[in-house]
$ cat protein_25.cif   # mmCIF, C-alpha atoms
data_query
#
loop_
_atom_site.group_PDB
_atom_site.id
_atom_site.type_symbol
_atom_site.label_atom_id
_atom_site.label_comp_id
_atom_site.auth_asym_id
_atom_site.auth_seq_id
_atom_site.Cartn_x
_atom_site.Cartn_y
_atom_site.Cartn_z
ATOM 1 C CA MET E 1456 -33.847 -1.029 -11.860
ATOM 2 C CA ASN E 1457 -33.767 -0.299 -8.149
ATOM 3 C CA SER E 1458 -34.459 -3.897 -7.231
ATOM 4 C CA ILE E 1459 -31.764 -5.226 -9.600
ATOM 5 C CA PHE E 1460 -29.218 -3.041 -7.824
ATOM 6 C CA PHE E 1461 -30.589 -4.063 -4.422
ATOM 7 C CA TYR E 1462 -30.333 -7.790 -5.089
ATOM 8 C CA PHE E 1463 -26.911 -7.449 -6.692
ATOM 9 C CA PHE E 1464 -25.418 -5.486 -3.809
ATOM 10 C CA ALA E 1465 -27.195 -7.640 -1.213
ATOM 11 C CA THR E 1466 -25.679 -10.784 -2.744
ATOM 12 C CA VAL E 1467 -22.211 -9.251 -2.838
ATOM 13 C CA LEU E 1468 -22.633 -8.054 0.743
ATOM 14 C CA ILE E 1469 -23.645 -11.467 2.076
ATOM 15 C CA LEU E 1470 -20.897 -13.293 0.175
ATOM 16 C CA ALA E 1471 -18.280 -10.816 1.381
ATOM 17 C CA ALA E 1472 -19.546 -11.083 4.970
ATOM 18 C CA LEU E 1473 -19.324 -14.878 4.781
ATOM 19 C CA THR E 1474 -15.763 -14.577 3.498
ATOM 20 C CA VAL E 1475 -14.908 -12.282 6.414
ATOM 21 C CA VAL E 1476 -16.041 -14.950 8.857
ATOM 22 C CA LEU E 1477 -14.811 -18.068 7.059
ATOM 23 C CA ALA E 1478 -11.431 -16.979 5.652
ATOM 24 C CA ARG E 1479 -8.439 -18.500 7.422
ATOM 25 C CA ASN E 1480 -6.050 -15.681 6.742
ATOM 26 C CA PRO E 1481 -6.895 -12.417 8.584
ATOM 27 C CA SER E 1482 -5.713 -10.256 5.673
ATOM 28 C CA TYR E 1483 -8.315 -11.901 3.396
ATOM 29 C CA SER E 1484 -10.925 -11.147 6.051
ATOM 30 C CA VAL E 1485 -9.944 -7.481 6.082
ATOM 31 C CA LEU E 1486 -9.983 -7.203 2.282
ATOM 32 C CA SER E 1487 -13.394 -8.857 1.965
ATOM 33 C CA LEU E 1488 -14.717 -6.532 4.669
ATOM 34 C CA VAL E 1489 -13.686 -3.685 2.316
ATOM 35 C CA VAL E 1490 -15.904 -5.255 -0.370
ATOM 36 C CA ALA E 1491 -18.726 -5.634 2.166
ATOM 37 C CA ILE E 1492 -18.431 -1.977 3.197
ATOM 38 C CA PHE E 1493 -18.518 -0.835 -0.429
ATOM 39 C CA SER E 1494 -21.716 -2.774 -1.136
ATOM 40 C CA LEU E 1495 -23.258 -1.597 2.138
ATOM 41 C CA ALA E 1496 -22.527 2.003 1.138
ATOM 42 C CA SER E 1497 -24.198 1.328 -2.209
ATOM 43 C CA ILE E 1498 -27.284 0.054 -0.381
ATOM 44 C CA PHE E 1499 -27.267 3.200 1.775
ATOM 45 C CA ILE E 1500 -27.231 5.262 -1.402
ATOM 46 C CA LEU E 1501 -30.172 3.203 -2.755
ATOM 47 C CA LEU E 1502 -31.970 4.227 0.453
ATOM 48 C CA GLU E 1503 -31.108 7.863 -0.410
ATOM 49 C CA ALA E 1504 -28.892 8.255 2.649
ATOM 50 C CA PHE E 1505 -26.136 9.895 0.606
ATOM 51 C CA PHE E 1506 -24.199 11.547 3.411
ATOM 52 C CA VAL E 1507 -24.127 8.461 5.625
ATOM 53 C CA GLY E 1508 -23.075 6.292 2.683
ATOM 54 C CA VAL E 1509 -20.153 8.546 1.806
ATOM 55 C CA ILE E 1510 -19.110 8.824 5.461
ATOM 56 C CA LEU E 1511 -19.243 5.040 5.691
ATOM 57 C CA LEU E 1512 -16.817 4.778 2.782
ATOM 58 C CA LEU E 1513 -14.513 7.450 4.159
ATOM 59 C CA VAL E 1514 -14.458 6.255 7.763
ATOM 60 C CA TYR E 1515 -14.540 2.483 7.234
ATOM 61 C CA ALA E 1516 -12.847 1.784 3.916
ATOM 62 C CA GLY E 1517 -10.604 4.811 4.302
ATOM 63 C CA ALA E 1518 -9.551 4.739 7.929
ATOM 64 C CA VAL E 1519 -10.701 1.758 9.984
ATOM 65 C CA LEU E 1520 -9.871 -0.998 7.507
ATOM 66 C CA VAL E 1521 -6.525 0.567 6.609
ATOM 67 C CA LEU E 1522 -5.773 0.491 10.335
ATOM 68 C CA PHE E 1523 -6.792 -3.174 10.441
ATOM 69 C CA LEU E 1524 -4.612 -4.028 7.452
ATOM 70 C CA PHE E 1525 -1.755 -2.095 8.994
ATOM 71 C CA VAL E 1526 -2.014 -4.117 12.207
ATOM 72 C CA VAL E 1527 -2.272 -7.424 10.299
ATOM 73 C CA MET E 1528 0.895 -6.528 8.373
ATOM 74 C CA LEU E 1529 2.628 -5.197 11.492
ATOM 75 C CA LEU E 1530 2.047 -8.378 13.496
ATOM 76 C CA ASN E 1531 3.588 -10.305 10.570
ATOM 77 C CA LEU E 1532 2.042 -13.619 11.613
ATOM 78 C CA ASN E 1533 3.942 -16.633 10.422
ATOM 79 C CA LYS E 1534 2.187 -19.403 8.540
ATOM 80 C CA GLU E 1535 1.938 -21.726 11.516
ATOM 81 C CA GLU E 1536 0.270 -19.055 13.595
ATOM 82 C CA VAL E 1537 -2.365 -18.465 10.903
ATOM 83 C CA ALA E 1538 -2.913 -22.148 10.146
ATOM 84 C CA ARG E 1539 -3.120 -23.117 13.804
ATOM 85 C CA VAL E 1540 -6.899 -23.118 13.976
ATOM 86 C CA ARG E 1541 -7.873 -25.743 16.473
ATOM 87 C CA GLN E 1542 -11.525 -26.624 16.378
ATOM 88 C CA SER E 1543 -13.211 -25.964 19.649
ATOM 89 C CA ARG E 1544 -15.932 -28.203 20.962
ATOM 90 C CA LEU E 1545 -18.022 -25.079 21.458
ATOM 91 C CA ARG E 1546 -17.760 -24.127 17.770
ATOM 92 C CA PRO E 1547 -21.043 -25.814 16.676
ATOM 93 C CA LEU E 1548 -22.740 -23.963 19.517
ATOM 94 C CA GLY E 1549 -21.747 -20.669 17.895
ATOM 95 C CA PHE E 1550 -23.276 -21.717 14.577
ATOM 96 C CA LEU E 1551 -26.382 -22.847 16.451
ATOM 97 C CA VAL E 1552 -26.725 -19.453 18.149
ATOM 98 C CA GLY E 1553 -26.320 -17.677 14.806
ATOM 99 C CA ALA E 1554 -28.864 -19.910 13.067
ATOM 100 C CA ALA E 1555 -31.348 -19.563 15.929
ATOM 101 C CA PHE E 1556 -31.005 -15.787 15.771
ATOM 102 C CA LEU E 1557 -31.529 -15.767 12.001
ATOM 103 C CA VAL E 1558 -34.642 -17.945 12.191
ATOM 104 C CA GLU E 1559 -36.060 -15.812 14.985
ATOM 105 C CA PHE E 1560 -35.337 -12.612 13.084
ATOM 106 C CA LEU E 1561 -36.970 -13.819 9.854
ATOM 107 C CA TRP E 1562 -39.949 -15.104 11.815
ATOM 108 C CA VAL E 1563 -40.497 -11.731 13.507
ATOM 109 C CA ILE E 1564 -40.262 -9.854 10.203
ATOM 110 C CA LYS E 1565 -42.671 -12.248 8.518
ATOM 111 C CA ALA E 1566 -45.111 -12.042 11.429
ATOM 112 C CA SER E 1567 -45.220 -8.249 11.526
ATOM 113 C CA THR E 1568 -47.551 -6.752 8.988
ATOM 114 C CA ALA E 1569 -46.451 -3.196 9.717
ATOM 115 C CA THR E 1570 -43.375 -3.474 7.527
ATOM 116 C CA GLU E 1571 -45.276 -4.483 4.408
ATOM 117 C CA THR E 1572 -47.512 -1.471 4.097
ATOM 118 C CA LYS E 1573 -44.810 1.146 4.564
ATOM 119 C CA THR E 1574 -44.008 3.310 1.592
ATOM 120 C CA PRO E 1575 -40.721 5.186 1.454
ATOM 121 C CA GLY E 1576 -40.897 8.648 2.951
ATOM 122 C CA SER E 1577 -39.745 11.559 0.864
ATOM 123 C CA ILE E 1578 -36.480 12.192 2.644
ATOM 124 C CA ARG E 1579 -33.069 12.642 1.128
ATOM 125 C CA GLY E 1580 -30.126 12.402 3.493
ATOM 126 C CA THR E 1581 -27.983 15.047 1.858
ATOM 127 C CA ILE E 1582 -25.233 16.916 3.669
ATOM 128 C CA GLU E 1583 -27.500 19.955 3.986
ATOM 129 C CA THR E 1584 -30.398 18.209 5.706
ATOM 130 C CA ILE E 1585 -28.237 16.023 7.958
ATOM 131 C CA GLY E 1586 -25.991 18.932 8.881
ATOM 132 C CA ARG E 1587 -28.958 21.151 9.706
ATOM 133 C CA ILE E 1588 -30.298 18.593 12.203
ATOM 134 C CA LEU E 1589 -26.868 17.701 13.533
ATOM 135 C CA PHE E 1590 -26.022 21.291 14.398
ATOM 136 C CA THR E 1591 -29.407 22.253 15.864
ATOM 137 C CA ASP E 1592 -31.273 19.443 17.625
ATOM 138 C CA TYR E 1593 -28.307 17.141 18.165
ATOM 139 C CA LEU E 1594 -25.614 19.715 18.874
ATOM 140 C CA LEU E 1595 -24.841 18.486 22.413
ATOM 141 C CA PRO E 1596 -24.389 14.801 21.468
ATOM 142 C CA PHE E 1597 -22.265 15.902 18.520
ATOM 143 C CA GLU E 1598 -19.987 17.914 20.796
ATOM 144 C CA LEU E 1599 -19.844 15.063 23.307
ATOM 145 C CA THR E 1600 -18.534 12.684 20.627
ATOM 146 C CA SER E 1601 -15.407 14.813 20.498
ATOM 147 C CA PHE E 1602 -14.828 13.892 24.157
ATOM 148 C CA LEU E 1603 -15.241 10.238 23.201
ATOM 149 C CA LEU E 1604 -12.611 10.543 20.478
ATOM 150 C CA LEU E 1605 -10.343 12.458 22.861
ATOM 151 C CA ALA E 1606 -10.700 9.670 25.417
ATOM 152 C CA ALA E 1607 -9.814 7.115 22.709
ATOM 153 C CA VAL E 1608 -6.718 9.111 21.699
ATOM 154 C CA ILE E 1609 -5.574 9.440 25.320
ATOM 155 C CA GLY E 1610 -6.157 5.731 25.894
ATOM 156 C CA ILE E 1611 -4.084 4.755 22.850
ATOM 157 C CA VAL E 1612 -1.262 7.105 23.797
ATOM 158 C CA SER E 1613 -1.107 5.711 27.320
ATOM 159 C CA LEU E 1614 -1.179 2.118 25.979
ATOM 160 C CA ALA E 1615 1.627 2.897 23.544
ATOM 161 C CA GLN E 1616 3.688 4.582 26.260
ATOM 162 C CA GLY E 1617 3.358 1.543 28.479
ATOM 163 C CA ALA E 1618 4.600 -0.589 25.566
ATOM 164 C CA LEU E 1619 7.598 1.690 25.043
ATOM 165 C CA LYS E 1620 8.483 1.583 28.725
ATOM 166 C CA SER E 1621 8.293 -2.215 28.834
ATOM 167 C CA ASP E 1622 10.539 -2.365 25.736
ATOM 168 C CA ASP E 1623 13.095 -0.185 27.527
ATOM 169 C CA THR E 1624 13.133 -2.391 30.589
ATOM 170 C CA GLN E 1625 13.499 -5.487 28.401
ATOM 171 C CA GLN E 1626 16.489 -3.929 26.651
ATOM 172 C CA LEU E 1627 18.039 -2.937 29.985
ATOM 173 C CA SER E 1628 17.579 -6.374 31.500
ATOM 174 C CA SER E 1629 18.843 -8.263 28.452
ATOM 175 C CA MET H 709 -38.985 -2.331 -5.739
ATOM 176 C CA PRO H 710 -37.561 -3.688 -2.475
ATOM 177 C CA GLY H 711 -39.579 -2.809 0.605
ATOM 178 C CA LEU H 712 -38.666 -2.250 4.217
ATOM 179 C CA SER H 713 -38.806 -5.959 5.021
ATOM 180 C CA HIS H 714 -36.170 -6.714 2.354
ATOM 181 C CA TYR H 715 -33.707 -4.369 4.015
ATOM 182 C CA LEU H 716 -34.517 -5.727 7.470
ATOM 183 C CA ILE H 717 -34.015 -9.324 6.299
ATOM 184 C CA LEU H 718 -30.667 -8.359 4.763
ATOM 185 C CA SER H 719 -29.728 -6.702 8.043
ATOM 186 C CA GLY H 720 -30.741 -9.817 9.983
ATOM 187 C CA ILE H 721 -28.657 -12.087 7.740
ATOM 188 C CA LEU H 722 -25.663 -9.788 8.111
ATOM 189 C CA PHE H 723 -26.108 -9.693 11.893
ATOM 190 C CA SER H 724 -26.294 -13.503 12.111
ATOM 191 C CA ILE H 725 -23.121 -13.879 10.037
ATOM 192 C CA GLY H 726 -21.363 -11.422 12.335
ATOM 193 C CA LEU H 727 -22.679 -13.241 15.414
ATOM 194 C CA VAL H 728 -21.346 -16.559 14.122
ATOM 195 C CA GLY H 729 -18.009 -14.869 13.484
ATOM 196 C CA VAL H 730 -17.795 -13.403 16.993
ATOM 197 C CA THR H 731 -18.761 -16.657 18.695
ATOM 198 C CA THR H 732 -16.702 -19.091 16.608
ATOM 199 C CA SER H 733 -13.437 -17.366 15.710
ATOM 200 C CA ARG H 734 -10.450 -17.522 18.020
ATOM 201 C CA ASN H 735 -8.305 -14.967 16.266
ATOM 202 C CA VAL H 736 -8.789 -11.640 18.049
ATOM 203 C CA LEU H 737 -8.497 -9.690 14.776
ATOM 204 C CA LYS H 738 -11.307 -11.726 13.253
ATOM 205 C CA ILE H 739 -13.458 -11.161 16.326
ATOM 206 C CA LEU H 740 -12.960 -7.402 15.895
ATOM 207 C CA LEU H 741 -13.795 -7.646 12.175
ATOM 208 C CA SER H 742 -16.986 -9.566 12.957
ATOM 209 C CA LEU H 743 -17.908 -6.866 15.475
ATOM 210 C CA GLU H 744 -17.723 -4.388 12.601
ATOM 211 C CA LEU H 745 -20.203 -6.574 10.704
ATOM 212 C CA LEU H 746 -22.564 -6.529 13.698
ATOM 213 C CA LEU H 747 -22.394 -2.731 13.987
ATOM 214 C CA ASN H 748 -22.990 -2.298 10.263
ATOM 215 C CA ALA H 749 -25.976 -4.646 10.292
ATOM 216 C CA ALA H 750 -27.523 -2.409 12.954
ATOM 217 C CA ASN H 751 -26.630 0.638 10.837
ATOM 218 C CA LEU H 752 -28.477 -0.848 7.862
ATOM 219 C CA SER H 753 -31.627 -1.270 9.976
ATOM 220 C CA PHE H 754 -31.364 2.295 11.196
ATOM 221 C CA VAL H 755 -31.034 3.715 7.685
ATOM 222 C CA ALA H 756 -33.892 1.560 6.364
ATOM 223 C CA PHE H 757 -36.223 2.641 9.195
ATOM 224 C CA SER H 758 -35.153 6.247 8.711
ATOM 225 C CA ARG H 759 -36.082 6.086 5.027
ATOM 226 C CA TYR H 760 -39.415 4.368 5.552
ATOM 227 C CA ASN H 761 -40.501 6.465 8.533
ATOM 228 C CA GLY H 762 -39.484 9.755 6.945
ATOM 229 C CA ASP H 763 -37.309 10.694 9.911
ATOM 230 C CA TYR H 764 -33.681 11.778 9.707
ATOM 231 C CA THR H 765 -32.855 10.714 13.275
ATOM 232 C CA GLY H 766 -31.950 7.178 12.165
ATOM 233 C CA GLN H 767 -29.207 8.496 9.905
ATOM 234 C CA LEU H 768 -27.818 10.617 12.746
ATOM 235 C CA VAL H 769 -27.680 7.535 14.964
ATOM 236 C CA VAL H 770 -25.669 5.807 12.234
ATOM 237 C CA PHE H 771 -23.279 8.752 12.270
ATOM 238 C CA PHE H 772 -22.752 8.383 16.023
ATOM 239 C CA VAL H 773 -22.428 4.594 15.780
ATOM 240 C CA MET H 774 -19.635 5.053 13.247
ATOM 241 C CA LEU H 775 -17.816 7.424 15.621
ATOM 242 C CA VAL H 776 -18.079 4.900 18.453
ATOM 243 C CA ALA H 777 -16.916 2.115 16.109
ATOM 244 C CA ALA H 778 -13.869 4.138 15.078
ATOM 245 C CA ALA H 779 -12.894 4.696 18.727
ATOM 246 C CA GLU H 780 -13.532 1.031 19.546
ATOM 247 C CA VAL H 781 -11.387 -0.198 16.648
ATOM 248 C CA ALA H 782 -8.512 2.121 17.514
ATOM 249 C CA ILE H 783 -8.432 1.012 21.156
ATOM 250 C CA GLY H 784 -9.042 -2.641 20.244
ATOM 251 C CA LEU H 785 -6.191 -2.767 17.761
ATOM 252 C CA ALA H 786 -3.835 -1.073 20.223
ATOM 253 C CA ILE H 787 -4.713 -3.787 22.743
ATOM 254 C CA VAL H 788 -4.158 -6.513 20.096
ATOM 255 C CA VAL H 789 -0.694 -5.138 19.289
ATOM 256 C CA LEU H 790 0.202 -5.015 22.997
ATOM 257 C CA MET H 791 -1.162 -8.525 23.449
ATOM 258 C CA TYR H 792 1.014 -9.810 20.629
ATOM 259 C CA ARG H 793 4.089 -8.107 22.067
ATOM 260 C CA ASN H 794 3.559 -9.463 25.565
ATOM 261 C CA ALA H 795 2.045 -12.897 24.993
ATOM 262 C CA LYS H 796 3.252 -13.569 21.403
ATOM 263 C CA THR H 797 -0.197 -14.767 20.376
ATOM 264 C CA ILE H 798 -3.403 -13.381 18.947
ATOM 265 C CA GLN H 799 -5.552 -16.410 19.739
ATOM 266 C CA ALA H 800 -8.169 -15.420 22.278
ATOM 267 C CA ASP H 801 -8.082 -18.649 24.268
ATOM 268 C CA ASP H 802 -4.308 -18.686 24.675
ATOM 269 C CA LEU H 803 -4.800 -15.931 27.219
ATOM 270 C CA LYS H 804 -5.598 -18.005 30.253
ATOM 271 C CA GLU H 805 -3.630 -16.157 32.860
ATOM 272 C CA LEU H 806 -4.634 -12.950 34.536
ATOM 273 C CA ARG H 807 -1.073 -11.642 34.658
ATOM 274 C CA TRP H 808 1.661 -11.850 32.067
#

$ encode --input "protein_25.cif" --output "structure tokens"
Amino acid sequence: MNSIFFYFFATVLILAALTVVLARNPSYSVLSLVVAIFSLASIFILLEAFFVGVILLLVYAGAVLVLFLFVVMLLNLNKEEVARVRQSRLRPLGFLVGAAFLVEFLWVIKASTATETKTPGSIRGTIETIGRILFTDYLLPFELTSFLLLAAVIGIVSLAQGALKSDDTQQLSS
Amino acid sequence: MPGLSHYLILSGILFSIGLVGVTTSRNVLKILLSLELLLNAANLSFVAFSRYNGDYTGQLVVFFVMLVAAAEVAIGLAIVVLMYRNAKTIQADDLKELRW
């Protein structure tokens, strides 16, 4: 039963990830990334990382991708802008790098015998267990992330203010 | 029953797809979306190792990675919006000049 779910969600995840990369229209990319995040969260829950899976859904599907979709709609790209995909001469090089990485990765996993003998540990990533570790051993990093988010908020506000000021000067000069 | 190597292979495939996306797309929004794929491929490895080593630290790292990703996306999208306002383009290689 577990493996049926794993293969199903893995297939959906890979197909959705390919759509993210290959779709022409950015809004299709965003929507297929939502599908990819949902199947990734399902795989997290198969790995019994319940808290992380739910946070992934809330943060990514709930906040980050809505922000992405909002920006895609806000920019309101016309059809020519979306369709204007000129092929670069370096494009095959990108596929080559990706393929080389994949081959290398599969080779390393196949070569290492340590991964085969592992049996799953008896851990369940519930809110209780994760929260207990987060607020004891990892309290300082947890508090420091609030500074990171504060820095992000200040950065966005200053970027937006610069945009407003440049709009004002454009209106004055026109 | 899928083992650790299954999850790691899935993570590797996801990472390669994201890498191809970052290196080949010219649309800045698609580059940011592919970066999300890269981060989530790493997250999948962390959760799989956490499960198979019986250690919760991997799941905490995923938590922190998601916080960093949220900050990165917010700043990145603000820069994309500014870029579109100033240069009227979201293609990465239309930005050839150092000043607008």

$ residues_around --input "protein_25.cif" --residues "segment 1485-1502 of chain E" --least-positions-apart "2" --cutoff "9 Å" --atoms "all atoms listed in the file" --output "PDB file with C-alpha atoms, in the frame of the given file"
ATOM      1  CA  ASN E1457     -33.767  -0.299  -8.149  1.00  0.00           C
ATOM      2  CA  PHE E1460     -29.218  -3.041  -7.824  1.00  0.00           C
ATOM      3  CA  PHE E1461     -30.589  -4.063  -4.422  1.00  0.00           C
ATOM      4  CA  PHE E1463     -26.911  -7.449  -6.692  1.00  0.00           C
ATOM      5  CA  PHE E1464     -25.418  -5.486  -3.809  1.00  0.00           C
ATOM      6  CA  ALA E1465     -27.195  -7.640  -1.213  1.00  0.00           C
ATOM      7  CA  VAL E1467     -22.211  -9.251  -2.838  1.00  0.00           C
ATOM      8  CA  LEU E1468     -22.633  -8.054   0.743  1.00  0.00           C
ATOM      9  CA  ILE E1469     -23.645 -11.467   2.076  1.00  0.00           C
ATOM     10  CA  LEU E1470     -20.897 -13.293   0.175  1.00  0.00           C
ATOM     11  CA  ALA E1471     -18.280 -10.816   1.381  1.00  0.00           C
ATOM     12  CA  ALA E1472     -19.546 -11.083   4.970  1.00  0.00           C
ATOM     13  CA  LEU E1473     -19.324 -14.878   4.781  1.00  0.00           C
ATOM     14  CA  THR E1474     -15.763 -14.577   3.498  1.00  0.00           C
ATOM     15  CA  VAL E1475     -14.908 -12.282   6.414  1.00  0.00           C
ATOM     16  CA  PRO E1481      -6.895 -12.417   8.584  1.00  0.00           C
ATOM     17  CA  SER E1482      -5.713 -10.256   5.673  1.00  0.00           C
ATOM     18  CA  TYR E1483      -8.315 -11.901   3.396  1.00  0.00           C
ATOM     19  CA  ALA E1504     -28.892   8.255   2.649  1.00  0.00           C
ATOM     20  CA  PHE E1505     -26.136   9.895   0.606  1.00  0.00           C
ATOM     21  CA  PHE E1506     -24.199  11.547   3.411  1.00  0.00           C
ATOM     22  CA  VAL E1507     -24.127   8.461   5.625  1.00  0.00           C
ATOM     23  CA  GLY E1508     -23.075   6.292   2.683  1.00  0.00           C
ATOM     24  CA  VAL E1509     -20.153   8.546   1.806  1.00  0.00           C
ATOM     25  CA  ILE E1510     -19.110   8.824   5.461  1.00  0.00           C
ATOM     26  CA  LEU E1511     -19.243   5.040   5.691  1.00  0.00           C
ATOM     27  CA  LEU E1512     -16.817   4.778   2.782  1.00  0.00           C
ATOM     28  CA  TYR E1515     -14.540   2.483   7.234  1.00  0.00           C
ATOM     29  CA  ALA E1516     -12.847   1.784   3.916  1.00  0.00           C
ATOM     30  CA  LEU E1520      -9.871  -0.998   7.507  1.00  0.00           C
ATOM     31  CA  VAL E1521      -6.525   0.567   6.609  1.00  0.00           C
ATOM     32  CA  PHE E1523      -6.792  -3.174  10.441  1.00  0.00           C
ATOM     33  CA  LEU E1524      -4.612  -4.028   7.452  1.00  0.00           C
ATOM     34  CA  VAL E1527      -2.272  -7.424  10.299  1.00  0.00           C
ATOM     35  CA  PRO E1575     -40.721   5.186   1.454  1.00  0.00           C
ATOM     36  CA  ARG E1579     -33.069  12.642   1.128  1.00  0.00           C
ATOM     37  CA  GLY E1580     -30.126  12.402   3.493  1.00  0.00           C
TER      38      GLY E1580
ATOM     39  CA  TYR H 715     -33.707  -4.369   4.015  1.00  0.00           C
ATOM     40  CA  LYS H 738     -11.307 -11.726  13.253  1.00  0.00           C
ATOM     41  CA  LEU H 741     -13.795  -7.646  12.175  1.00  0.00           C
ATOM     42  CA  GLU H 744     -17.723  -4.388  12.601  1.00  0.00           C
ATOM     43  CA  LEU H 745     -20.203  -6.574  10.704  1.00  0.00           C
ATOM     44  CA  ASN H 748     -22.990  -2.298  10.263  1.00  0.00           C
ATOM     45  CA  LEU H 752     -28.477  -0.848   7.862  1.00  0.00           C
ATOM     46  CA  VAL H 755     -31.034   3.715   7.685  1.00  0.00           C
ATOM     47  CA  ALA H 756     -33.892   1.560   6.364  1.00  0.00           C
ATOM     48  CA  ARG H 759     -36.082   6.086   5.027  1.00  0.00           C
TER      49      ARG H 759
END

$ atom_distance --input "protein_25.cif" --atom1 "atom CA of Ala782 of chain H" --atom2 "atom CA of Lys804 of chain H"
24.0 Å

$ interface_residues --input "protein_25.cif" --of "chain E" --to "chain H" --cutoff "7 Å" --atoms "all atoms listed in the file" --output "PyMOL selection string"
chain E and resi 1457-1458+1465+1469+1472-1473+1476+1481+1502+1507+1519+1546+1549-1550+1553-1554+1556-1557+1560-1561+1564+1570-1571+1573-1578+1604+1607+1611+1618

$ residues_around --input "protein_25.cif" --residues "Phe1597 of chain E" --least-positions-apart "3" --cutoff "12 Å" --atoms "all atoms listed in the file" --output "list in words"
Gly1586, Ile1588, Leu1589, Phe1590, Thr1591, Asp1592, Tyr1593, Leu1594, Thr1600, Ser1601, Phe1602, Leu1603 and Leu1604 of chain E; Leu768, Val769, Phe771, Phe772, Val773, Leu775 and Val776 of chain H

$ atom_distance --input "protein_25.cif" --atom1 "atom CA of Arg1479 of chain E" --atom2 "atom CA of Leu1522 of chain E"
19.4 Å

$ atom_distance --input "protein_25.cif" --atom1 "atom CA of Leu1545 of chain E" --atom2 "atom CA of Met791 of chain H"
23.7 Å
